[in-house]
file my_file-v2.txt (compact mmCIF, C-alpha atoms and all ligand atoms)
# COMPACT_ATOMS: atom_id res chain seq x y z
CA MET A 1 1.33 1.95 20.03
CA ILE A 2 4.83 0.64 20.70
CA GLU A 3 7.20 3.65 20.60
CA GLN A 4 10.49 1.81 21.01
CA PRO A 5 11.34 -1.40 19.18
CA VAL A 6 10.37 -4.49 21.12
CA MET A 7 12.08 -7.73 20.20
CA VAL A 8 9.46 -10.23 19.10
CA LYS A 9 9.73 -13.83 18.00
CA ILE A 10 8.79 -14.78 14.44
CA CYS A 11 6.15 -17.38 15.19
CA ASP A 12 5.39 -18.51 11.64
CA ILE A 13 6.51 -17.90 8.05
CA LEU A 14 4.35 -18.35 4.96
CA GLU A 15 5.78 -18.47 1.42
CA GLU A 16 3.30 -16.38 -0.57
CA SER A 17 5.28 -16.50 -3.86
CA PRO A 18 8.89 -17.18 -4.94
CA SER A 19 9.86 -13.64 -3.86
CA VAL A 20 7.39 -12.82 -1.05
CA LYS A 21 7.30 -14.28 2.45
CA THR A 22 4.89 -13.39 5.24
CA PHE A 23 6.26 -13.22 8.79
CA PHE A 24 3.83 -13.60 11.70
CA PHE A 25 4.24 -12.20 15.22
CA LYS A 26 2.18 -12.48 18.39
CA LEU A 27 1.31 -8.83 18.98
CA ASN A 28 -1.99 -7.31 19.92
CA PRO A 29 -2.01 -3.50 19.77
CA SER A 30 -4.81 -2.00 17.68
CA TYR A 31 -3.96 -1.61 14.02
CA GLU A 32 -5.88 -0.07 11.14
CA PRO A 33 -5.65 -1.29 7.52
CA GLY A 34 -3.00 0.75 5.68
CA GLN A 35 -0.87 1.48 8.76
CA PHE A 36 2.71 0.26 8.96
CA VAL A 37 5.28 -0.88 11.50
CA MET A 38 9.01 -0.17 11.59
CA VAL A 39 10.96 -3.43 11.52
CA TRP A 40 14.43 -3.42 13.04
CA ILE A 41 17.24 -5.87 12.40
CA PRO A 42 19.94 -4.93 14.94
CA LEU A 43 23.21 -3.72 13.36
CA LEU A 44 21.61 -3.60 9.91
CA ASP A 45 18.72 -1.14 9.45
CA GLU A 46 15.11 -0.34 10.19
CA LYS A 47 12.44 -0.25 7.45
CA PRO A 48 8.67 0.24 7.18
CA PHE A 49 6.31 -2.62 6.33
CA THR A 50 2.57 -2.47 6.06
CA LEU A 51 0.49 -4.99 7.97
CA SER A 52 -0.81 -7.64 5.61
CA TYR A 53 -2.60 -9.72 8.27
CA ILE A 54 -4.36 -8.39 11.37
CA GLN A 55 -5.85 -11.19 13.46
CA GLU A 56 -6.69 -11.65 17.14
CA GLY A 57 -3.30 -11.51 18.86
CA LEU A 58 -1.41 -12.03 15.60
CA ILE A 59 -0.05 -9.69 12.93
CA GLY A 60 1.76 -10.44 9.66
CA ILE A 61 3.98 -8.52 7.26
CA SER A 62 4.49 -9.68 3.68
CA VAL A 63 8.00 -8.91 2.46
CA LEU A 64 9.18 -8.72 -1.15
CA ARG A 65 12.84 -9.67 -1.48
CA ARG A 66 14.54 -6.57 -2.93
CA GLY A 67 17.80 -5.44 -1.31
CA ALA A 68 20.00 -5.95 1.75
CA PHE A 69 17.29 -5.56 4.37
CA THR A 70 14.65 -7.71 2.77
CA ASN A 71 17.24 -10.38 1.91
CA ALA A 72 18.21 -10.46 5.59
CA LEU A 73 14.55 -10.79 6.58
CA HIS A 74 14.03 -13.62 4.10
CA SER A 75 16.89 -15.54 5.70
CA LYS A 76 15.14 -15.48 9.11
CA LYS A 77 13.55 -18.63 10.50
CA ALA A 78 10.59 -19.20 12.80
CA GLY A 79 11.85 -18.62 16.35
CA ASP A 80 14.28 -15.82 15.34
CA MET A 81 13.79 -12.42 16.96
CA ILE A 82 13.34 -9.04 15.25
CA GLY A 83 12.46 -5.56 16.53
CA ILE A 84 9.09 -3.93 15.87
CA ARG A 85 7.69 -0.51 16.73
CA GLY A 86 4.42 1.06 15.70
CA PRO A 87 1.81 1.07 14.29
CA TYR A 88 2.39 4.34 12.47
CA GLY A 89 0.66 6.45 9.87
CA ARG A 90 -2.84 7.18 8.70
CA GLY A 91 -4.52 4.15 7.18
CA PHE A 92 -7.43 3.78 4.79
CA ASN A 93 -10.71 5.50 5.46
CA LEU A 94 -13.19 2.61 5.40
CA HIS A 95 -16.09 3.15 3.04
CA THR A 96 -18.44 0.35 3.93
CA HIS A 97 -21.72 1.22 2.28
CA SER A 98 -21.24 0.86 -1.46
CA ASP A 99 -19.33 -0.74 -4.32
CA ILE A 100 -15.60 -0.34 -3.94
CA CYS A 101 -12.59 -1.44 -5.94
CA ALA A 102 -9.15 -2.27 -4.51
CA VAL A 103 -6.27 -2.02 -7.00
CA GLY A 104 -2.97 -3.61 -5.95
CA GLY A 105 0.24 -3.63 -7.98
CA GLY A 106 2.95 -6.09 -6.89
CA ILE A 107 3.66 -5.98 -3.15
CA GLY A 108 1.14 -3.10 -2.90
CA MET A 109 -1.47 -5.85 -2.54
CA ALA A 110 -0.16 -6.41 1.02
CA SER A 111 -1.51 -3.06 2.16
CA LEU A 112 -4.94 -3.65 0.60
CA ALA A 113 -5.32 -7.18 2.00
CA THR A 114 -6.29 -6.08 5.53
CA LEU A 115 -8.65 -3.48 4.09
CA VAL A 116 -10.46 -6.19 2.11
CA ASP A 117 -10.50 -8.46 5.21
CA ARG A 118 -12.08 -5.64 7.21
CA LEU A 119 -14.70 -4.98 4.51
CA ASN A 120 -15.50 -8.71 4.30
CA LEU A 121 -15.93 -8.78 8.06
CA VAL A 122 -18.69 -6.18 7.89
CA SER A 123 -20.13 -7.66 4.68
CA GLU A 124 -23.49 -8.66 6.23
CA LYS A 125 -24.11 -5.05 7.17
CA ARG A 126 -22.69 -3.79 3.89
CA GLN A 127 -24.75 -3.16 0.78
CA GLY A 128 -21.98 -2.86 -1.78
CA THR A 129 -19.55 -5.25 -3.42
CA THR A 130 -15.75 -5.41 -3.25
CA THR A 131 -13.84 -5.86 -6.49
CA ILE A 132 -10.12 -6.66 -6.28
CA ILE A 133 -7.74 -5.99 -9.15
CA GLN A 134 -4.29 -7.46 -8.67
CA GLY A 135 -1.37 -6.96 -11.03
CA ALA A 136 1.84 -8.99 -10.94
CA ARG A 137 4.83 -9.57 -13.19
CA THR A 138 3.93 -13.21 -13.75
CA ALA A 139 1.43 -15.84 -12.52
CA ALA A 140 3.74 -17.23 -9.81
CA GLU A 141 3.99 -13.78 -8.20
CA ILE A 142 0.26 -13.37 -7.59
CA LEU A 143 -0.43 -12.98 -3.87
CA TYR A 144 -3.20 -14.26 -1.58
CA GLN A 145 -4.99 -16.41 -4.20
CA LYS A 146 -6.54 -18.69 -1.59
CA ARG A 147 -7.35 -15.81 0.74
CA PHE A 148 -9.31 -13.84 -1.88
CA GLY A 149 -10.90 -16.22 -4.35
CA ASN A 150 -12.46 -13.86 -6.81
CA MET A 151 -9.77 -11.42 -7.90
CA LYS A 152 -9.47 -9.82 -11.33
CA LEU A 153 -5.90 -10.59 -12.29
CA CYS A 154 -3.45 -9.12 -14.75
CA THR A 155 0.15 -9.99 -15.45
CA ASP A 156 2.90 -8.33 -17.49
CA ASP A 157 3.57 -11.58 -19.39
CA GLY A 158 -0.04 -12.77 -19.71
CA THR A 159 0.56 -15.99 -17.71
CA ALA A 160 -2.51 -15.26 -15.54
CA GLY A 161 -5.55 -13.14 -16.23
CA PHE A 162 -5.45 -10.16 -18.54
CA LYS A 163 -2.10 -9.38 -20.23
CA GLY A 164 -1.50 -5.79 -19.28
CA THR A 165 -1.56 -3.45 -16.32
CA THR A 166 -3.92 -2.80 -13.42
CA VAL A 167 -4.58 0.61 -14.96
CA ASP A 168 -5.78 -0.99 -18.23
CA LEU A 169 -8.06 -3.32 -16.27
CA LEU A 170 -9.46 -0.51 -14.10
CA ARG A 171 -10.03 1.70 -17.16
CA ASP A 172 -12.08 -1.08 -18.76
CA LEU A 173 -14.05 -1.75 -15.54
CA LEU A 174 -14.89 1.91 -15.04
CA THR A 175 -16.68 1.98 -18.38
CA LYS A 176 -18.99 -0.85 -17.18
CA GLN A 177 -19.40 -0.32 -13.46
CA HIS A 178 -19.61 2.58 -11.03
CA PHE A 179 -17.55 2.45 -7.86
CA GLN A 180 -18.11 4.72 -4.90
CA LYS A 181 -14.47 4.47 -4.04
CA VAL A 182 -11.20 3.08 -5.39
CA TYR A 183 -8.36 2.13 -3.02
CA ALA A 184 -4.90 1.65 -4.51
CA CYS A 185 -1.40 0.65 -3.51
CA GLY A 186 1.56 -0.12 -5.76
CA PRO A 187 4.35 1.62 -7.65
CA GLU A 188 3.87 5.41 -7.62
CA ARG A 189 3.59 5.67 -11.43
CA MET A 190 0.70 3.19 -11.26
CA LEU A 191 -0.93 5.18 -8.44
CA TYR A 192 -0.58 8.40 -10.42
CA LYS A 193 -2.42 6.85 -13.37
CA VAL A 194 -5.10 5.28 -11.15
CA VAL A 195 -5.80 8.61 -9.44
CA ARG A 196 -5.97 10.42 -12.80
CA LEU A 197 -8.36 7.80 -14.16
CA CYS A 198 -10.59 8.04 -11.08
CA LYS A 199 -10.70 11.83 -11.43
CA GLU A 200 -11.80 11.48 -15.08
CA HIS A 201 -14.64 9.19 -13.94
CA GLY A 202 -15.59 11.25 -10.89
CA VAL A 203 -14.69 8.41 -8.52
CA GLU A 204 -13.15 9.09 -5.10
CA CYS A 205 -9.75 7.44 -4.62
CA GLU A 206 -7.35 6.76 -1.76
CA ALA A 207 -3.78 5.73 -2.52
CA SER A 208 -1.08 4.45 -0.19
CA LEU A 209 2.34 5.90 -1.10
CA GLU A 210 5.66 4.18 -0.68
CA ARG A 211 8.47 6.65 0.01
CA TYR A 212 11.82 6.16 1.70
CA ILE A 213 10.90 6.37 5.40
CA LYS A 214 13.58 6.72 8.09
CA CYS A 215 12.12 7.76 11.45
CA GLY A 216 8.45 6.85 10.92
CA PHE A 217 7.10 9.62 13.14
CA GLY A 218 7.52 12.84 11.18
CA VAL A 219 10.79 14.22 12.53
CA CYS A 220 13.38 13.65 9.80
CA GLY A 221 11.44 14.80 6.72
CA GLN A 222 13.01 12.10 4.53
CA CYS A 223 9.65 10.91 3.18
CA ASP A 224 8.44 14.41 2.23
CA CYS A 225 6.14 14.64 -0.76
CA SER A 226 5.36 18.34 -1.46
CA GLY A 227 5.20 19.24 2.22
CA GLN A 228 3.32 16.11 3.29
CA ARG A 229 5.25 13.60 5.41
CA VAL A 230 4.24 10.19 4.12
CA CYS A 231 4.96 8.59 7.51
CA ILE A 232 2.50 10.63 9.57
CA ASP A 233 0.29 12.56 7.12
CA GLY A 234 -0.01 9.33 5.08
CA PRO A 235 0.90 6.82 3.83
CA VAL A 236 -2.73 6.92 2.62
CA PHE A 237 -3.85 10.12 0.86
CA ASN A 238 -7.10 10.95 -0.92
CA THR A 239 -7.53 12.44 -4.40
CA GLU A 240 -7.87 15.99 -3.13
CA GLU A 241 -4.67 15.77 -1.10
CA LEU A 242 -2.75 14.08 -3.91
CA SER A 243 -3.87 16.78 -6.35
CA ARG A 244 -2.08 19.37 -4.20
CA MET A 245 1.12 17.29 -4.07
CA ASP A 246 3.15 18.29 -7.16
CA ASP A 247 5.86 15.71 -6.42
CA PHE A 248 3.35 12.83 -6.51
CA GLY A 249 4.25 10.59 -9.48
CA ARG A 250 7.08 12.94 -10.54
CA ILE A 251 9.78 13.37 -7.90
CA THR A 252 11.19 10.99 -5.30
CA ILE A 253 13.83 11.52 -2.62
CA THR A 254 16.60 8.95 -2.36
CA LYS A 255 17.95 7.65 0.95
CA THR A 256 20.74 10.26 0.78
CA GLY A 257 18.22 13.09 0.29
CA GLU A 258 18.70 13.63 -3.46
CA ARG A 259 15.56 14.69 -5.38
CA VAL A 260 15.12 12.52 -8.46
CA ILE A 261 12.82 13.70 -11.25
CA HIS A 262 11.03 10.94 -13.17
CA SER A 263 10.10 11.59 -16.79
C1 LIG A 301 4.66 2.87 4.22
C2 LIG A 301 5.50 1.78 3.58
C3 LIG A 301 5.06 0.47 3.62
C4 LIG A 301 5.81 -0.55 3.04
N1 LIG A 301 5.34 -1.81 3.09
C5 LIG A 301 6.04 -2.80 2.51
C6 LIG A 301 5.53 -4.13 2.54
O1 LIG A 301 4.46 -4.40 3.07
N2 LIG A 301 6.27 -5.09 1.95
C7 LIG A 301 7.49 -4.83 1.35
O2 LIG A 301 8.11 -5.76 0.85
N3 LIG A 301 7.98 -3.57 1.31
C8 LIG A 301 7.31 -2.57 1.88
N4 LIG A 301 7.81 -1.30 1.87
C9 LIG A 301 9.17 -1.08 1.32
C10 LIG A 301 10.25 -1.48 2.34
O3 LIG A 301 10.20 -0.61 3.45
C11 LIG A 301 11.68 -1.38 1.76
O4 LIG A 301 11.98 -0.10 1.36
C12 LIG A 301 11.89 -2.27 0.57
O5 LIG A 301 11.51 -3.57 0.90
C13 LIG A 301 13.34 -2.30 0.09
O6 LIG A 301 14.18 -2.60 1.16
P1 LIG A 301 15.65 -3.22 0.96
O7 LIG A 301 16.53 -2.61 1.99
O8 LIG A 301 15.59 -4.69 0.92
O9 LIG A 301 16.09 -2.76 -0.48
P2 LIG A 301 16.99 -1.51 -0.90
O10 LIG A 301 18.41 -1.84 -0.69
O11 LIG A 301 16.45 -0.27 -0.28
O12 LIG A 301 16.67 -1.53 -2.44
C14 LIG A 301 17.07 -2.63 -3.27
C15 LIG A 301 16.69 -2.34 -4.69
O13 LIG A 301 15.25 -2.22 -4.78
C16 LIG A 301 14.91 -0.95 -5.24
N5 LIG A 301 13.79 -0.47 -4.48
C17 LIG A 301 13.78 -0.18 -3.16
N6 LIG A 301 12.58 0.27 -2.81
C18 LIG A 301 11.86 0.27 -3.96
C19 LIG A 301 10.54 0.65 -4.28
N7 LIG A 301 9.74 1.15 -3.36
N8 LIG A 301 10.10 0.49 -5.54
C20 LIG A 301 10.90 0.02 -6.50
N9 LIG A 301 12.17 -0.33 -6.27
C21 LIG A 301 12.63 -0.20 -5.03
C22 LIG A 301 16.12 -0.05 -4.99
O14 LIG A 301 16.20 1.02 -5.92
C23 LIG A 301 17.28 -1.00 -5.18
O15 LIG A 301 17.61 -1.16 -6.52
C24 LIG A 301 7.07 -0.25 2.42
C25 LIG A 301 7.51 1.07 2.37
C26 LIG A 301 6.73 2.07 2.92
C27 LIG A 301 7.22 3.48 2.85
call {"tool": "encode", "arguments": {"input": "my_file-v2.txt", "output": "structure tokens", "more": "lines below"}}
Ligand SMILES: Cc1cc2nc3c(=O)[nH]c(=O)nc-3n(C[C@H](O)[C@H](O)[C@H](O)COP(=O)(O)OP(=O)(O)OC[C@H]3O[C@@H](n4cnc5c(N)ncnc54)[C@H](O)[C@@H]3O)c2cc1C
result
Amino acid sequence: MIEQPVMVKICDILEESPSVKTFFFKLNPSYEPGQFVMVWIPLLDEKPFTLSYIQEGLIGISVLRRGAFTNALHSKKAGDMIGIRGPYGRGFNLHTHSDICAVGGGIGMASLATLVDRLNLVSEKRQGTTTIIQGARTAAEILYQKRFGNMKLCTDDGTAGFKGTTVDLLRDLLTKQHFQKVYACGPERMLYKVVRLCKEHGVECEASLERYIKCGFGVCGQCDCSGQRVCIDGPVFNTEELSRMDDFGRITITKTGERVIHS
């Protein structure tokens, strides 16, 4: 674990889609799928990013261009330096013995990618199958197509796969197939529906939440979700834990601390 930011060189950049780039760094601490690092751009800000690639001596983060910070990251070139500390948080609990389904919405697929890699790595010892559902706005925004050949895709505009949401696709799958576990990452409203669906079908679920994280190690309380600090108690929570979190899917806290209720 790196407790203070270390300046590391971006050694490679991969364009995953028109709005997502992956940045690679030569770092070798031990990381678990679902954990995140805090990325620091001096004089700008520090933000959390999940690890989307974990390889021998190399890690990658996939970044969706959204606001000031991610725009600044997207303008970086190979050879530029950025600060990294971590890894932080509780990652996914690997369930390696049965059929599992990974459901990724948008950039949420980044968090599931290393989980799927890890499951594929132990696939000879594993009896079950891994099904991946990926949802994107449009075909061009689908991530990791070459990396994971056999994904079940859905898009908002119908340009690839099923026209609809990951929740629609999962609902249909659950009527035909039993999964021992569903792993999910994406917008919180999607996660809320996935967890509810899994409960209806008696399937265990783990979901990785995205809240506004400031410190990353549980001191500031900014990422609170009904008494759980997403940065150290999560970001991955199981169905039982999520069921006790009344704010899950309903209330978020903005960067200035305001509680916003979603209808
Ligand atoms: C544990 C964790 C892991 C994360 N991993 C990744 C990752 O792997 N890749 C990645 O790209 N991002 C990831 N994020 C989000 C990332 O940390 C930034 O918050 C996000 O990229 C926006 O940063 P920004 O400063 O560019 O945009 P901001 O200026 O903060 O926001 C720009 C616009 O985007 C909107 N926006 C910001 N965040 C969200 C959101 N979560 N959902 C919907 N709209 C939003 C804002 O409302 C605003 O309109 C993660 C967050 C957490 C908590």
call {"tool": "closest_residue", "arguments": {"input": "my_file-v2.txt", "among": "A:Cys101, A:Val236, A:Leu51, A:Met1", "to": "Met151 of chain A", "atoms": "only C-alpha atoms"}}
result
A:Cys101
call {"tool": "closest_residue", "arguments": {"input": "my_file-v2.txt", "among": "A:Glu46, A:Glu15, A:Glu3, A:Asp117", "to": "Lys77 of chain A", "atoms": "all atoms listed in the file"}}
result
A:Glu15
call {"tool": "closest_residue", "arguments": {"input": "my_file-v2.txt", "among": "A:Ala136, A:Leu143, A:Ala184, A:Ala207", "to": "Thr165 of chain A", "atoms": "only C-alpha atoms"}}
result
A:Ala136
call {"tool": "atom_distance", "arguments": {"input": "my_file-v2.txt", "atom1": "atom C19 of ligand LIG 301 (chain A)", "atom2": "atom CA of Pro187 of chain A"}}
result
7.1 Å
call {"tool": "closest_atom_pairs", "arguments": {"input": "my_file-v2.txt", "of": "chain A", "to": "ligand LIG 301 (chain A)", "cutoff": "7 Å", "atoms": "only C-alpha atoms and all ligand atoms", "output": "tab-separated table"}}
result
residue	atom	partner	partner_atom	distance
A:Phe36	CA	A:LIG301	C1	5.8
A:Lys47	CA	A:LIG301	O3	4.6
A:Pro48	CA	A:LIG301	O3	4.1
A:Phe49	CA	A:LIG301	N1	3.5
A:Thr50	CA	A:LIG301	O1	4.0
A:Leu51	CA	A:LIG301	O1	6.3
A:Ser52	CA	A:LIG301	O1	6.7
A:Ile61	CA	A:LIG301	O1	5.9
A:Ser62	CA	A:LIG301	N2	5.2
A:Val63	CA	A:LIG301	O2	3.5
A:Leu64	CA	A:LIG301	O2	3.7
A:Arg65	CA	A:LIG301	O8	6.2
A:Arg66	CA	A:LIG301	O8	4.4
A:Gly67	CA	A:LIG301	O8	3.2
A:Ala68	CA	A:LIG301	O8	4.7
A:Phe69	CA	A:LIG301	O7	3.9
A:Thr70	CA	A:LIG301	O8	3.7
A:Asn71	CA	A:LIG301	O8	6.0
A:Ile107	CA	A:LIG301	N2	5.8
A:Gly108	CA	A:LIG301	O1	7.0
A:Ala110	CA	A:LIG301	O1	5.4
A:Ser111	CA	A:LIG301	O1	6.2
A:Pro187	CA	A:LIG301	N8	6.2
A:Leu209	CA	A:LIG301	C1	6.5
A:Glu210	CA	A:LIG301	C27	3.9
A:Arg211	CA	A:LIG301	C27	4.4
A:Tyr212	CA	A:LIG301	C27	5.4
A:Ile213	CA	A:LIG301	C27	5.3
A:Cys231	CA	A:LIG301	C1	6.6
A:Pro235	CA	A:LIG301	C1	5.5
call {"tool": "atom_distance", "arguments": {"input": "my_file-v2.txt", "atom1": "atom CA of Val39 of chain A", "atom2": "atom CA of Thr252 of chain A"}}
result
22.2 Å
call {"tool": "residues_around", "arguments": {"input": "my_file-v2.txt", "residues": "His262 of chain A", "least_positions_apart": "5", "cutoff": "12 Å", "atoms": "all atoms listed in the file", "output": "JSON list (two decimals) with C-alpha atoms, in the coordinates of the input"}}
result
[["chain", "number", "residue", "atom", "x", "y", "z"],
["A", 188, "GLU", "CA", 3.87, 5.41, -7.62],
["A", 189, "ARG", "CA", 3.59, 5.67, -11.43],
["A", 247, "ASP", "CA", 5.86, 15.71, -6.42],
["A", 248, "PHE", "CA", 3.35, 12.83, -6.51],
["A", 249, "GLY", "CA", 4.25, 10.59, -9.48],
["A", 250, "ARG", "CA", 7.08, 12.94, -10.54],
["A", 251, "ILE", "CA", 9.78, 13.37, -7.90],
["A", 252, "THR", "CA", 11.19, 10.99, -5.30],
["A", 253, "ILE", "CA", 13.83, 11.52, -2.62]]
call {"tool": "closest_residue", "arguments": {"input": "my_file-v2.txt", "among": "A:Phe92, A:Phe23, A:Phe162, A:Tyr31", "to": "Asp233 of chain A", "atoms": "all atoms listed in the file"}}
result
A:Phe92
call {"tool": "atom_distance", "arguments": {"input": "my_file-v2.txt", "atom1": "atom CA of Glu16 of chain A", "atom2": "atom CA of Tyr88 of chain A"}}
result
24.5 Å
call {"tool": "residues_around", "arguments": {"input": "my_file-v2.txt", "residues": "Pro5 of chain A", "least_positions_apart": "5", "cutoff": "7 Å", "atoms": "all atoms listed in the file", "output": "list of chain:residue names"}}
result
A:Gly83, A:Ile84, A:Arg85
